[in-house]
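> Here you go, this is final-v4.cif (mmCIF, C-alpha atoms).
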```cif
data_target
#
loop_
_atom_site.label_atom_id
_atom_site.label_comp_id
_atom_site.auth_asym_id
_atom_site.auth_seq_id
_atom_site.Cartn_x
_atom_site.Cartn_y
_atom_site.Cartn_z
CA MET A 1 70.15 54.98 -21.85
CA PRO A 2 73.66 56.44 -21.42
CA MET A 3 74.84 56.93 -17.85
CA PRO A 4 74.38 60.52 -16.66
CA VAL A 5 77.30 62.71 -15.72
CA TYR A 6 77.19 62.29 -11.96
CA LEU A 7 77.62 65.60 -10.13
CA ASP A 8 75.79 64.90 -6.86
CA HIS A 9 78.58 63.49 -4.69
CA ALA A 10 77.33 65.31 -1.59
CA ALA A 11 74.21 63.14 -1.72
CA THR A 12 76.20 59.93 -2.12
CA SER A 13 79.48 59.16 -3.79
CA PRO A 14 79.79 56.06 -6.03
CA MET A 15 81.71 53.13 -4.64
CA PRO A 16 85.09 52.77 -6.39
CA ALA A 17 86.09 49.38 -7.80
CA SER A 18 88.76 48.92 -5.12
CA VAL A 19 86.23 49.46 -2.32
CA ARG A 20 83.68 47.24 -4.02
CA ALA A 21 86.22 44.42 -4.33
CA ALA A 22 87.22 44.76 -0.68
CA TYR A 23 83.56 44.76 0.37
CA LEU A 24 82.75 41.62 -1.59
CA HIS A 25 85.79 39.85 -0.16
CA ALA A 26 84.82 40.89 3.37
CA LEU A 27 81.30 39.57 2.87
CA GLU A 28 82.80 36.10 2.49
CA THR A 29 83.76 36.17 6.18
CA ALA A 30 80.93 34.55 8.11
CA GLY A 31 80.61 35.15 11.82
CA ASN A 32 79.14 37.49 14.39
CA PRO A 33 81.89 39.71 15.84
CA SER A 34 80.50 39.02 19.31
CA SER A 35 80.77 35.23 18.98
CA ILE A 36 83.72 33.55 20.69
CA HIS A 37 84.34 30.80 18.12
CA SER A 38 87.00 31.20 15.43
CA ALA A 39 84.58 32.45 12.75
CA GLY A 40 83.28 35.11 15.11
CA GLN A 41 86.78 36.11 16.11
CA SER A 42 87.76 36.47 12.44
CA ALA A 43 84.89 38.90 12.02
CA ARG A 44 85.95 40.66 15.23
CA ALA A 45 89.50 41.05 13.95
CA MET A 46 88.18 42.57 10.72
CA LEU A 47 85.96 44.95 12.67
CA ASP A 48 88.69 46.02 15.08
CA ASP A 49 91.12 46.64 12.24
CA ALA A 50 88.54 48.74 10.41
CA ARG A 51 87.81 50.71 13.57
CA SER A 52 91.50 51.49 14.06
CA ARG A 53 91.99 52.56 10.45
CA ILE A 54 88.99 54.92 10.44
CA ALA A 55 89.95 56.34 13.83
CA ALA A 56 93.43 57.08 12.48
CA THR A 57 91.97 59.32 9.76
CA LEU A 58 90.56 61.51 12.54
CA GLY A 59 93.50 61.30 14.91
CA VAL A 60 91.47 59.58 17.64
CA ASP A 61 91.85 56.29 19.48
CA ALA A 62 90.01 53.24 18.20
CA VAL A 63 88.13 52.90 21.49
CA GLU A 64 86.58 56.32 20.82
CA LEU A 65 84.86 55.19 17.60
CA THR A 66 81.39 53.59 17.67
CA PHE A 67 79.96 52.17 14.44
CA THR A 68 76.35 53.04 13.62
CA GLY A 69 73.82 52.20 10.94
CA GLY A 70 74.56 55.43 9.05
CA GLY A 71 75.08 59.14 9.57
CA THR A 72 71.55 59.88 10.72
CA GLU A 73 71.81 57.35 13.53
CA ALA A 74 75.18 58.79 14.54
CA VAL A 75 73.71 62.30 14.72
CA ASN A 76 70.66 61.12 16.67
CA LEU A 77 72.79 59.15 19.13
CA ALA A 78 74.96 62.22 19.71
CA VAL A 79 72.20 64.82 20.00
CA LYS A 80 69.73 62.77 22.04
CA GLY A 81 72.30 60.76 23.96
CA LEU A 82 74.33 63.78 25.03
CA PHE A 83 71.18 65.70 25.96
CA TRP A 84 69.90 62.86 28.13
CA ARG A 85 73.31 62.42 29.79
CA ALA A 86 73.62 66.13 30.57
CA ARG A 87 70.13 66.25 32.04
CA GLN A 88 70.85 63.16 34.16
CA ALA A 89 73.91 64.88 35.59
CA ASP A 90 72.11 68.20 36.15
CA PRO A 91 68.32 68.48 35.65
CA ARG A 92 68.72 72.21 34.95
CA ARG A 93 70.54 71.47 31.70
CA THR A 94 67.70 71.34 29.18
CA ARG A 95 68.71 73.98 26.63
CA LEU A 96 70.25 73.17 23.25
CA LEU A 97 72.28 75.60 21.14
CA VAL A 98 71.62 74.83 17.48
CA PRO A 99 72.47 76.78 14.30
CA ARG A 100 69.51 77.43 12.02
CA ALA A 101 71.35 76.02 8.98
CA GLU A 102 71.93 72.48 10.31
CA HIS A 103 71.08 69.29 8.42
CA HIS A 104 67.61 67.90 9.05
CA ALA A 105 69.06 64.89 10.88
CA THR A 106 69.98 67.36 13.61
CA LEU A 107 66.99 69.68 13.32
CA ASP A 108 64.44 66.86 13.46
CA ALA A 109 66.21 65.22 16.42
CA VAL A 110 66.21 68.54 18.27
CA GLU A 111 62.56 69.20 17.52
CA TRP A 112 61.72 65.71 18.83
CA LEU A 113 63.54 66.49 22.09
CA VAL A 114 61.56 69.73 22.39
CA ALA A 115 58.25 67.97 21.73
CA HIS A 116 58.83 64.92 23.92
CA GLU A 117 61.67 65.48 26.37
CA GLY A 118 61.21 69.00 27.71
CA ALA A 119 64.15 70.51 25.84
CA SER A 120 64.34 74.13 24.78
CA VAL A 121 66.38 75.61 21.93
CA THR A 122 68.37 78.74 21.38
CA TRP A 123 68.72 79.11 17.63
CA LEU A 124 72.11 80.35 16.49
CA GLU A 125 72.43 82.57 13.43
CA VAL A 126 74.62 82.22 10.35
CA ASP A 127 75.96 84.93 8.07
CA ALA A 128 75.25 85.44 4.36
CA GLU A 129 77.78 82.70 3.50
CA GLY A 130 76.19 80.18 5.86
CA VAL A 131 78.95 80.49 8.48
CA LEU A 132 77.93 80.24 12.14
CA LEU A 133 78.24 83.49 14.07
CA ILE A 134 80.52 83.46 17.10
CA ASP A 135 79.99 87.00 18.42
CA GLY A 136 77.09 89.41 18.50
CA LEU A 137 73.37 88.87 18.64
CA GLY A 138 72.54 85.29 17.71
CA GLY A 139 76.14 84.15 18.14
CA VAL A 140 77.51 81.29 20.20
CA ALA A 141 79.19 83.45 22.83
CA ALA A 142 75.99 85.32 23.70
CA ALA A 143 73.97 82.10 23.81
CA LEU A 144 76.43 80.62 26.31
CA ALA A 145 76.49 83.69 28.54
CA GLY A 146 74.74 83.61 31.87
CA ALA A 147 74.73 86.06 34.73
CA GLY A 148 77.82 88.24 35.00
CA ASP A 149 80.99 86.49 33.88
CA GLU A 150 79.68 83.02 34.62
CA PRO A 151 78.45 80.76 31.78
CA ALA A 152 74.78 79.79 31.74
CA ASP A 153 74.07 76.67 33.78
CA ASP A 154 71.15 75.41 31.68
CA VAL A 155 72.93 74.49 28.42
CA ALA A 156 73.03 70.75 27.81
CA LEU A 157 74.63 70.64 24.40
CA ILE A 158 75.94 72.56 21.40
CA THR A 159 75.64 70.86 18.02
CA MET A 160 77.00 72.19 14.73
CA LEU A 161 78.17 71.21 11.27
CA ALA A 162 81.84 70.98 10.32
CA ALA A 163 80.87 72.27 6.87
CA ASN A 164 77.49 73.26 5.52
CA ASN A 165 76.10 70.42 3.42
CA GLU A 166 74.33 72.73 0.95
CA VAL A 167 76.64 75.68 0.25
CA GLY A 168 79.92 74.13 1.45
CA SER A 169 81.07 76.84 3.88
CA VAL A 170 83.45 75.44 6.51
CA GLN A 171 82.39 76.25 10.06
CA PRO A 172 84.43 77.68 12.98
CA VAL A 173 84.64 74.43 14.91
CA ALA A 174 87.82 75.27 16.84
CA GLU A 175 86.40 78.57 18.07
CA VAL A 176 83.13 77.01 19.20
CA ALA A 177 84.97 74.09 20.81
CA ALA A 178 87.04 76.52 22.89
CA LEU A 179 83.89 78.31 24.08
CA ALA A 180 82.15 75.00 24.83
CA ALA A 181 85.11 73.69 26.81
CA ALA A 182 85.32 76.90 28.86
CA ALA A 183 81.60 76.65 29.65
CA GLY A 184 81.74 72.92 30.44
CA VAL A 185 79.22 72.13 27.69
CA PRO A 186 79.57 69.12 25.37
CA LEU A 187 79.93 69.86 21.65
CA HIS A 188 78.77 67.56 18.86
CA VAL A 189 80.06 68.15 15.33
CA ASP A 190 78.20 66.76 12.32
CA ALA A 191 81.16 66.15 9.99
CA ILE A 192 79.28 64.01 7.48
CA ALA A 193 79.60 66.55 4.65
CA ALA A 194 83.20 67.42 5.52
CA TYR A 195 84.74 63.99 6.13
CA GLY A 196 87.06 63.02 3.30
CA GLN A 197 86.80 66.52 1.83
CA ILE A 198 88.96 68.46 4.30
CA ASP A 199 91.39 67.36 7.00
CA LEU A 200 89.58 67.14 10.34
CA ALA A 201 92.48 65.81 12.40
CA PRO A 202 93.37 66.54 15.06
CA LEU A 203 89.96 67.26 16.53
CA PRO A 204 90.03 70.48 18.55
CA PRO A 205 89.88 70.07 22.32
CA GLY A 206 86.29 70.58 23.34
CA VAL A 207 84.78 68.45 20.57
CA GLY A 208 83.13 65.66 22.53
CA ALA A 209 81.39 63.86 19.68
CA LEU A 210 81.66 63.79 15.89
CA SER A 211 79.51 62.04 13.27
CA ILE A 212 80.65 60.61 9.92
CA SER A 213 79.14 58.43 7.20
CA ALA A 214 80.65 55.86 4.83
CA HIS A 215 78.71 56.50 1.63
CA LYS A 216 79.85 60.12 1.40
CA VAL A 217 83.41 58.89 0.73
CA GLY A 218 82.61 55.93 -1.52
CA GLY A 219 81.80 53.38 1.17
CA PRO A 220 78.57 51.44 1.59
CA VAL A 221 75.23 53.01 2.45
CA GLY A 222 73.98 52.17 5.93
CA VAL A 223 77.32 52.41 7.73
CA GLY A 224 78.37 55.37 9.85
CA ALA A 225 80.32 56.12 12.98
CA LEU A 226 80.21 58.37 16.02
CA VAL A 227 83.39 59.51 17.70
CA LEU A 228 82.91 59.76 21.47
CA ARG A 229 86.00 61.25 23.04
CA ARG A 230 87.28 59.89 26.33
CA GLY A 231 85.16 61.32 29.13
CA THR A 232 82.16 61.88 26.84
CA GLU A 233 79.22 59.63 27.64
CA VAL A 234 75.82 59.22 25.99
CA VAL A 235 72.59 57.56 27.01
CA PRO A 236 72.02 54.91 24.30
CA LEU A 237 69.23 55.04 21.76
CA LEU A 238 69.29 51.26 21.36
CA HIS A 239 69.37 48.63 24.09
CA GLY A 240 70.11 44.93 23.91
CA GLY A 241 73.64 43.59 24.12
CA ALA A 242 75.84 46.65 24.68
CA GLN A 243 78.18 45.47 21.92
CA GLN A 244 79.73 48.92 21.60
CA ARG A 245 80.21 52.00 23.71
CA GLY A 246 76.86 53.76 23.59
CA ARG A 247 75.23 51.35 21.13
CA SER A 248 73.74 47.87 21.11
CA GLY A 249 73.31 45.72 18.03
CA THR A 250 75.28 43.28 15.92
CA MET A 251 78.10 45.13 14.21
CA ASP A 252 78.48 45.12 10.42
CA ALA A 253 82.08 43.93 10.05
CA PRO A 254 82.12 43.80 6.21
CA GLY A 255 80.51 47.25 6.00
CA ALA A 256 83.03 48.64 8.48
CA TRP A 257 85.86 47.08 6.46
CA ALA A 258 84.66 48.69 3.24
CA PHE A 259 84.22 51.98 5.09
CA ALA A 260 87.85 51.78 6.23
CA VAL A 261 89.11 51.09 2.70
CA ALA A 262 87.17 54.06 1.32
CA ALA A 263 88.21 56.34 4.18
CA GLU A 264 91.89 55.50 3.84
CA ALA A 265 91.80 56.07 0.09
CA ALA A 266 90.12 59.45 0.53
CA HIS A 267 92.62 60.58 3.15
CA ALA A 268 95.69 59.21 1.39
CA GLU A 269 94.80 61.42 -1.59
CA LEU A 270 93.14 64.22 0.37
CA ALA A 271 95.33 67.08 -0.88
CA ALA A 272 95.41 65.90 -4.49
CA ARG A 273 91.66 65.29 -4.59
CA ALA A 274 90.97 68.68 -3.04
CA ALA A 275 93.22 70.46 -5.55
CA HIS A 276 91.56 68.60 -8.44
CA LYS A 277 88.05 69.46 -7.28
CA ARG A 278 88.95 73.04 -6.40
CA ALA A 279 90.26 73.66 -9.91
CA LEU A 280 87.10 72.23 -11.46
CA ARG A 281 84.91 74.12 -8.99
CA ASP A 282 86.57 77.39 -9.96
CA ARG A 283 86.22 76.50 -13.65
CA LEU A 284 82.52 75.83 -13.19
CA GLU A 285 81.89 79.01 -11.19
CA ALA A 286 83.72 81.13 -13.77
CA GLY A 287 81.64 79.53 -16.51
CA ILE A 288 78.41 80.18 -14.63
CA ARG A 289 79.32 83.84 -14.22
CA ALA A 290 80.06 84.09 -17.95
CA HIS A 291 77.15 82.06 -19.36
CA VAL A 292 74.42 82.62 -16.74
CA PRO A 293 75.20 86.11 -15.39
CA GLN A 294 71.87 86.37 -13.59
CA ALA A 295 72.81 83.42 -11.36
CA VAL A 296 73.96 84.13 -7.81
CA LEU A 297 76.72 81.92 -6.38
CA HIS A 298 76.63 81.19 -2.64
CA GLY A 299 79.33 80.37 -0.13
CA THR A 300 82.08 81.88 -2.28
CA GLY A 301 82.82 84.57 0.29
CA ALA A 302 83.46 82.15 3.15
CA ALA A 303 87.03 82.08 4.44
CA HIS A 304 87.11 78.31 3.86
CA ARG A 305 84.78 76.05 1.92
CA LEU A 306 84.58 72.51 0.65
CA PRO A 307 86.61 72.05 -2.52
CA GLY A 308 83.94 70.35 -4.60
CA THR A 309 80.72 72.25 -3.83
CA VAL A 310 79.12 74.79 -6.16
CA HIS A 311 75.82 76.33 -5.07
CA LEU A 312 73.78 78.83 -7.05
CA THR A 313 70.33 80.34 -7.25
CA VAL A 314 68.72 81.67 -10.41
CA PRO A 315 66.05 84.34 -9.87
CA GLY A 316 62.75 83.48 -11.50
CA CYS A 317 63.54 79.77 -11.71
CA GLU A 318 62.36 76.80 -9.71
CA GLY A 319 65.27 74.63 -8.63
CA ASP A 320 63.28 71.50 -9.35
CA SER A 321 62.76 72.67 -12.93
CA LEU A 322 66.49 73.16 -13.37
CA LEU A 323 67.19 69.75 -11.85
CA PHE A 324 64.77 67.93 -14.16
CA LEU A 325 65.91 69.79 -17.27
CA LEU A 326 69.56 69.02 -16.52
CA ASP A 327 68.66 65.43 -15.77
CA GLN A 328 67.06 65.19 -19.21
CA ALA A 329 70.26 66.61 -20.66
CA GLY A 330 72.28 63.89 -18.91
CA PHE A 331 73.50 65.53 -15.69
CA ALA A 332 72.74 64.38 -12.14
CA VAL A 333 72.72 67.40 -9.80
CA SER A 334 70.54 68.42 -6.85
CA THR A 335 68.67 71.33 -5.35
CA GLY A 336 70.16 70.74 -1.90
CA SER A 337 70.16 68.02 0.71
CA ALA A 338 69.01 64.67 -0.67
CA CYS A 339 67.13 64.13 2.59
CA GLN A 340 64.73 66.87 1.51
CA ALA A 341 64.62 65.99 -2.20
CA GLY A 342 61.12 66.14 -3.65
CA VAL A 343 59.83 68.42 -0.90
CA PRO A 344 58.61 71.67 -2.56
CA GLU A 345 59.90 73.95 0.18
CA PRO A 346 62.62 76.59 0.01
CA SER A 347 65.86 75.54 1.68
CA HIS A 348 65.95 76.42 5.36
CA VAL A 349 69.71 76.92 4.94
CA LEU A 350 69.22 79.64 2.35
CA LEU A 351 66.48 81.26 4.40
CA ALA A 352 68.85 81.33 7.39
CA MET A 353 71.44 83.00 5.14
CA GLY A 354 68.98 85.81 4.45
CA LEU A 355 67.55 84.85 1.04
CA SER A 356 63.90 85.40 0.32
CA ALA A 357 61.68 82.36 -0.07
CA ALA A 358 61.27 83.15 -3.78
CA ASP A 359 65.02 83.32 -4.39
CA ALA A 360 65.69 80.24 -2.28
CA ARG A 361 63.37 78.19 -4.47
CA GLY A 362 65.73 78.65 -7.42
CA ALA A 363 68.60 76.72 -5.85
CA LEU A 364 70.94 74.26 -7.58
CA ARG A 365 73.82 72.37 -5.98
CA VAL A 366 76.61 70.75 -8.01
CA THR A 367 79.07 68.59 -6.08
CA LEU A 368 82.18 67.11 -7.63
CA GLY A 369 83.99 63.84 -7.05
CA PRO A 370 87.56 62.61 -7.44
CA ASP A 371 86.85 61.32 -10.94
CA THR A 372 84.98 64.39 -12.24
CA THR A 373 86.63 65.72 -15.40
CA ALA A 374 87.05 69.11 -17.05
CA ASP A 375 85.14 67.80 -20.08
CA GLU A 376 82.17 67.02 -17.82
CA ILE A 377 82.26 70.51 -16.34
CA ASP A 378 82.41 72.06 -19.83
CA ALA A 379 79.53 69.88 -20.99
CA LEU A 380 77.44 71.04 -18.03
CA LEU A 381 78.25 74.65 -18.84
CA ASP A 382 77.13 74.05 -22.44
CA ALA A 383 73.80 72.64 -21.21
CA LEU A 384 73.13 75.09 -18.40
CA PRO A 385 72.07 78.25 -20.31
CA ALA A 386 69.34 76.41 -22.23
CA ALA A 387 68.09 74.75 -19.04
CA VAL A 388 67.99 78.11 -17.27
CA ALA A 389 66.11 79.74 -20.17
CA ARG A 390 63.48 76.99 -20.15
CA ALA A 391 63.20 77.08 -16.35
CA GLU A 392 62.83 80.87 -16.42
CA ALA A 393 60.05 80.57 -19.00
CA ALA A 394 58.29 77.95 -16.89
CA GLY A 395 58.70 80.07 -13.78
CA LEU A 396 57.29 83.18 -15.49
CA ALA A 397 54.45 81.19 -16.97
CA ALA A 398 53.43 80.13 -13.49
CA ARG A 399 53.30 83.73 -12.33
CA THR A 400 52.15 85.74 -15.36
CA PRO A 401 48.79 85.28 -17.11
CA MET A 402 49.42 84.23 -20.73
CA LEU A 403 45.83 84.19 -22.10
CA GLY A 404 45.13 86.84 -24.70
CA ARG A 405 48.79 87.49 -25.44
#
```
Just give me the structure as structure tokens.

Amino acid sequence: MPMPVYLDHAATSPMPASVRAAYLHALETAGNPSSIHSAGQSARAMLDDARSRIAATLGVDAVELTFTGGGTEAVNLAVKGLFWRARQADPRRTRLLVPRAEHHATLDAVEWLVAHEGASVTWLEVDAEGVLLIDGLGGVAAALAGAGDEPADDVALITMLAANNEVGSVQPVAEVAALAAAAGVPLHVDAIAAYGQIDLAPLPPGVGALSISAHKVGGPVGVGALVLRRGTEVVPLLHGGAQQRGRSGTMDAPGAWAFAVAAEAAHAELAARAAHKRALRDRLEAGIRAHVPQAVLHGTGAAHRLPGTVHLTVPGCEGDSLLFLLDQAGFAVSTGSACQAGVPEPSHVLLAMGLSAADARGALRVTLGPDTTADEIDALLDALPAAVARAEAAGLAARTPMLGR
């Protein structure tokens, strides 16, 4: 079968040949980075160099970067570890401030803390573009307020996305970081969707922790990192060796090396890649408006958004139907986060943005990569109207009795 046109880079981005070659070469280096013999020290040198190179893309010191076994582990270490540390320092600090439109790595970690660790949650609202509210009811400022002019003394942690992983809206990290710093509350930023898409450096003062993942920028799956700024401490999830700050476990030096190669390539070409994807994104959105006028595009009104994300809903369609029909036509797209793929539930992100459950079920996400071409976008636009028509017919058939007609 011919290879599909791959338009699901937010789920995972293919490993470029240059990264693959560097990864294979690094795998030839035998040795545990914690061993003191020459083979181990060769692996350690590779690991330390990779750490420095990735840290440089974020404008942080190498000592502030802890490698993890992927983005989900990085998020869990930040959310749980910061919560536990805050509660150790002050038992009153048990409340988490969490936007409703976060990735499930965050939401599930938070719900576990509520169920098992005595945490409570104040849910923060987002607007119709998926952007976190700062002011007003449901905003960050109100959630941080205590009695009078003093900040609340029970908040352990704020966690938020750098950019929404479904609709692509960039979040007000600097504004939240300033509020968090003034209140003396640690802030974790899940930058997994944003890393390599937009420039995150320098991190705003007040960001204590930040999560990233290798496979979103063309690195290997199963490698991530957590930035822990100086003065930010976590209680570890894993114990047994204390090989890194906040994390035990043998470190994956070849994986870290490949991560560094992919990260440097993405950031060396950040502006050019963004311009390329933005032009194709705008081409695709204009084509959707022309060829599928009933479709509703989301995130387009945000002040800033990721350059390669297109998100739409089609009334009367099931997103899964659209996905399968486009897959049959040779296009790999998604209905939202790959972590929820196959789950027949409307997106919690879209529900938080104010969509009805029925409308949210008709979601489709197209995410572009550095090698996506205009011909591929035009081919998708040629295939989309027929897929929508068939999905609409299937959706109506599920809701309207057809016997006797």
> Taking the file as I've supplied it (selection: the PyMOL selection byres ((chain A and resi 375-391) around 8)), which residues are included? Please answer as a ChimeraX atom specification.
/A:5,280,283-284,287-288,291-292,314,317-318,321-322,325-326,329,331,372-374,392-395
> Applied to the shown file, which residues does the PyMOL selection byres ((chain A and resi 161) around 7) return, written as a PyMOL selection string?
chain A and resi 102+160+162-164+171+189-191
> For segment 181-184 of chain A, list every protein, DNA or RNA residue within 7 Å, evaluated using all atoms listed in the file, and leave out those in the same chain fewer than 4 positions away; present the list as a PDB file with C-alpha atoms, in the coordinates of the input.

```
ATOM      1  CA  PRO A 151      78.450  80.760  31.780  1.00  0.00           C
ATOM      2  CA  ALA A 177      84.970  74.090  20.810  1.00  0.00           C
ATOM      3  CA  GLY A 206      86.290  70.580  23.340  1.00  0.00           C
TER       4      GLY A 206
END
```
> Which distance in Å separates atom CA of Ala271 of chain A and atom CA of Thr12 of chain A, to one decimal?
20.5 Å
> Separation of atom CA of Ala55 of chain A and atom CA of Ala258 of chain A, in Å?
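Atom-to-atom, atom CA of Ala55 of chain A and atom CA of Ala258 of chain A are spaced 14.1 Å apart.
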> Which residues come within 7 Å of Ala10 of chain A, counting only C-alpha atoms, excluding same-chain residues fewer than 5 positions away, as a ChimeraX atom specification?
/A:193,216,367
> Between atom CA of Gln244 of chain A and atom CA of Leu77 of chain A, measure the distance and give it in Å to one decimal.
12.6 Å
> Taking every listed atom of segment 349-361 of chain A and adding 5 Å to each side, what centre and edge lengths in Å (one decimal) does the axis-aligned box have, as lines of an AutoDock Vina configuration file?

```
center_x = 66.4
center_y = 81.4
center_z = 1.5
size_x = 20.2
size_y = 18.9
size_z = 21.9
```
> Would you write out, as a PDB file with C-alpha atoms, in the coordinates of the input, every residue that the PyMOL selection byres ((chain A and resi 114-128) around 8) captures in this file?

```
ATOM      1  CA  THR A  94      67.700  71.340  29.180  1.00  0.00           C
ATOM      2  CA  ARG A  95      68.710  73.980  26.630  1.00  0.00           C
ATOM      3  CA  LEU A  96      70.250  73.170  23.250  1.00  0.00           C
ATOM      4  CA  LEU A  97      72.280  75.600  21.140  1.00  0.00           C
ATOM      5  CA  VAL A  98      71.620  74.830  17.480  1.00  0.00           C
ATOM      6  CA  PRO A  99      72.470  76.780  14.300  1.00  0.00           C
ATOM      7  CA  ARG A 100      69.510  77.430  12.020  1.00  0.00           C
ATOM      8  CA  ALA A 101      71.350  76.020   8.980  1.00  0.00           C
ATOM      9  CA  VAL A 110      66.210  68.540  18.270  1.00  0.00           C
ATOM     10  CA  GLU A 111      62.560  69.200  17.520  1.00  0.00           C
ATOM     11  CA  TRP A 112      61.720  65.710  18.830  1.00  0.00           C
ATOM     12  CA  LEU A 113      63.540  66.490  22.090  1.00  0.00           C
ATOM     13  CA  GLU A 129      77.780  82.700   3.500  1.00  0.00           C
ATOM     14  CA  GLY A 130      76.190  80.180   5.860  1.00  0.00           C
ATOM     15  CA  VAL A 131      78.950  80.490   8.480  1.00  0.00           C
ATOM     16  CA  LEU A 132      77.930  80.240  12.140  1.00  0.00           C
ATOM     17  CA  LEU A 133      78.240  83.490  14.070  1.00  0.00           C
ATOM     18  CA  GLY A 138      72.540  85.290  17.710  1.00  0.00           C
ATOM     19  CA  GLY A 139      76.140  84.150  18.140  1.00  0.00           C
ATOM     20  CA  VAL A 140      77.510  81.290  20.200  1.00  0.00           C
ATOM     21  CA  ALA A 143      73.970  82.100  23.810  1.00  0.00           C
ATOM     22  CA  GLY A 299      79.330  80.370  -0.130  1.00  0.00           C
ATOM     23  CA  ALA A 352      68.850  81.330   7.390  1.00  0.00           C
ATOM     24  CA  MET A 353      71.440  83.000   5.140  1.00  0.00           C
ATOM     25  CA  GLY A 354      68.980  85.810   4.450  1.00  0.00           C
TER      26      GLY A 354
END
```
> For Phe83 of chain A, which residue out of A:His188, A:His103, A:Arg53, A:His215 is the nearest one, using only C-alpha atoms?
A:His188
> Which residues of segment 200-226 of chain A sit at most 9 Å from segment 67-72 of chain A, using only C-alpha atoms? Give each one's shortest atom pair and distance in Å (one decimal place), in chain and ascending residue order, as CSV.

```
residue,atom,partner,partner_atom,distance
A:Ser211,CA,A:Gly71,CA,6.5
A:Ile212,CA,A:Gly71,CA,5.8
A:Ser213,CA,A:Gly71,CA,4.8
A:Ala214,CA,A:Gly70,CA,7.4
A:His215,CA,A:Gly70,CA,8.6
A:Val221,CA,A:Gly70,CA,7.1
A:Gly222,CA,A:Gly70,CA,4.5
A:Val223,CA,A:Gly70,CA,4.3
A:Gly224,CA,A:Gly70,CA,3.9
A:Ala225,CA,A:Phe67,CA,4.2
A:Leu226,CA,A:Phe67,CA,6.4
```
> Looking at A:Ala26, A:Leu368, A:Ala260, A:Ala290, which one is nearest to Ser52 of chain A, with distances taken over only C-alpha atoms?
A:Ala260
> Between A:His37, A:His9, A:Arg44, A:Arg230, which has the minimum distance to Asp61 of chain A (counting all atoms listed in the file)?
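Looking at the shortest contact to Asp61 of chain A, the residue is A:Arg230.
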> Which residue gives the smallest distance to Ala295 of chain A among A:Leu312, A:Ala279, A:Leu364, A:Ala17, with all atoms listed in the file counted?
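Ranking A:Leu312, A:Ala279, A:Leu364, A:Ala17 by distance to Ala295 of chain A, first place goes to A:Leu312.
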> Take the structure in the block and write a file for segment 65-85 of chain A, C-alpha atoms, as a short mmCIF file (atom, residue, chain, number, x, y, z; two decimals), in the first residue's frame.

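Output (out.cif):
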```cif
data_model
loop_
_atom_site.label_atom_id
_atom_site.label_comp_id
_atom_site.auth_asym_id
_atom_site.auth_seq_id
_atom_site.Cartn_x
_atom_site.Cartn_y
_atom_site.Cartn_z
CA LEU A 65 17.34 19.76 32.89
CA THR A 66 16.32 16.27 34.05
CA PHE A 67 15.79 13.55 31.44
CA THR A 68 12.66 11.41 31.78
CA GLY A 69 11.11 8.44 30.03
CA GLY A 70 8.81 10.69 27.98
CA GLY A 71 6.51 13.68 28.27
CA THR A 72 3.93 11.97 30.46
CA GLU A 73 6.55 11.11 33.08
CA ALA A 74 7.85 14.68 32.97
CA VAL A 75 4.34 16.06 33.57
CA ASN A 76 3.66 13.59 36.38
CA LEU A 77 6.98 14.34 38.07
CA ALA A 78 6.23 18.06 37.92
CA VAL A 79 2.60 17.95 39.04
CA LYS A 80 2.94 15.32 41.76
CA GLY A 81 6.47 16.22 42.81
CA LEU A 82 5.76 19.93 43.16
CA PHE A 83 2.51 19.24 45.01
CA TRP A 84 4.23 16.93 47.49
CA ARG A 85 7.08 19.42 48.01
#
```
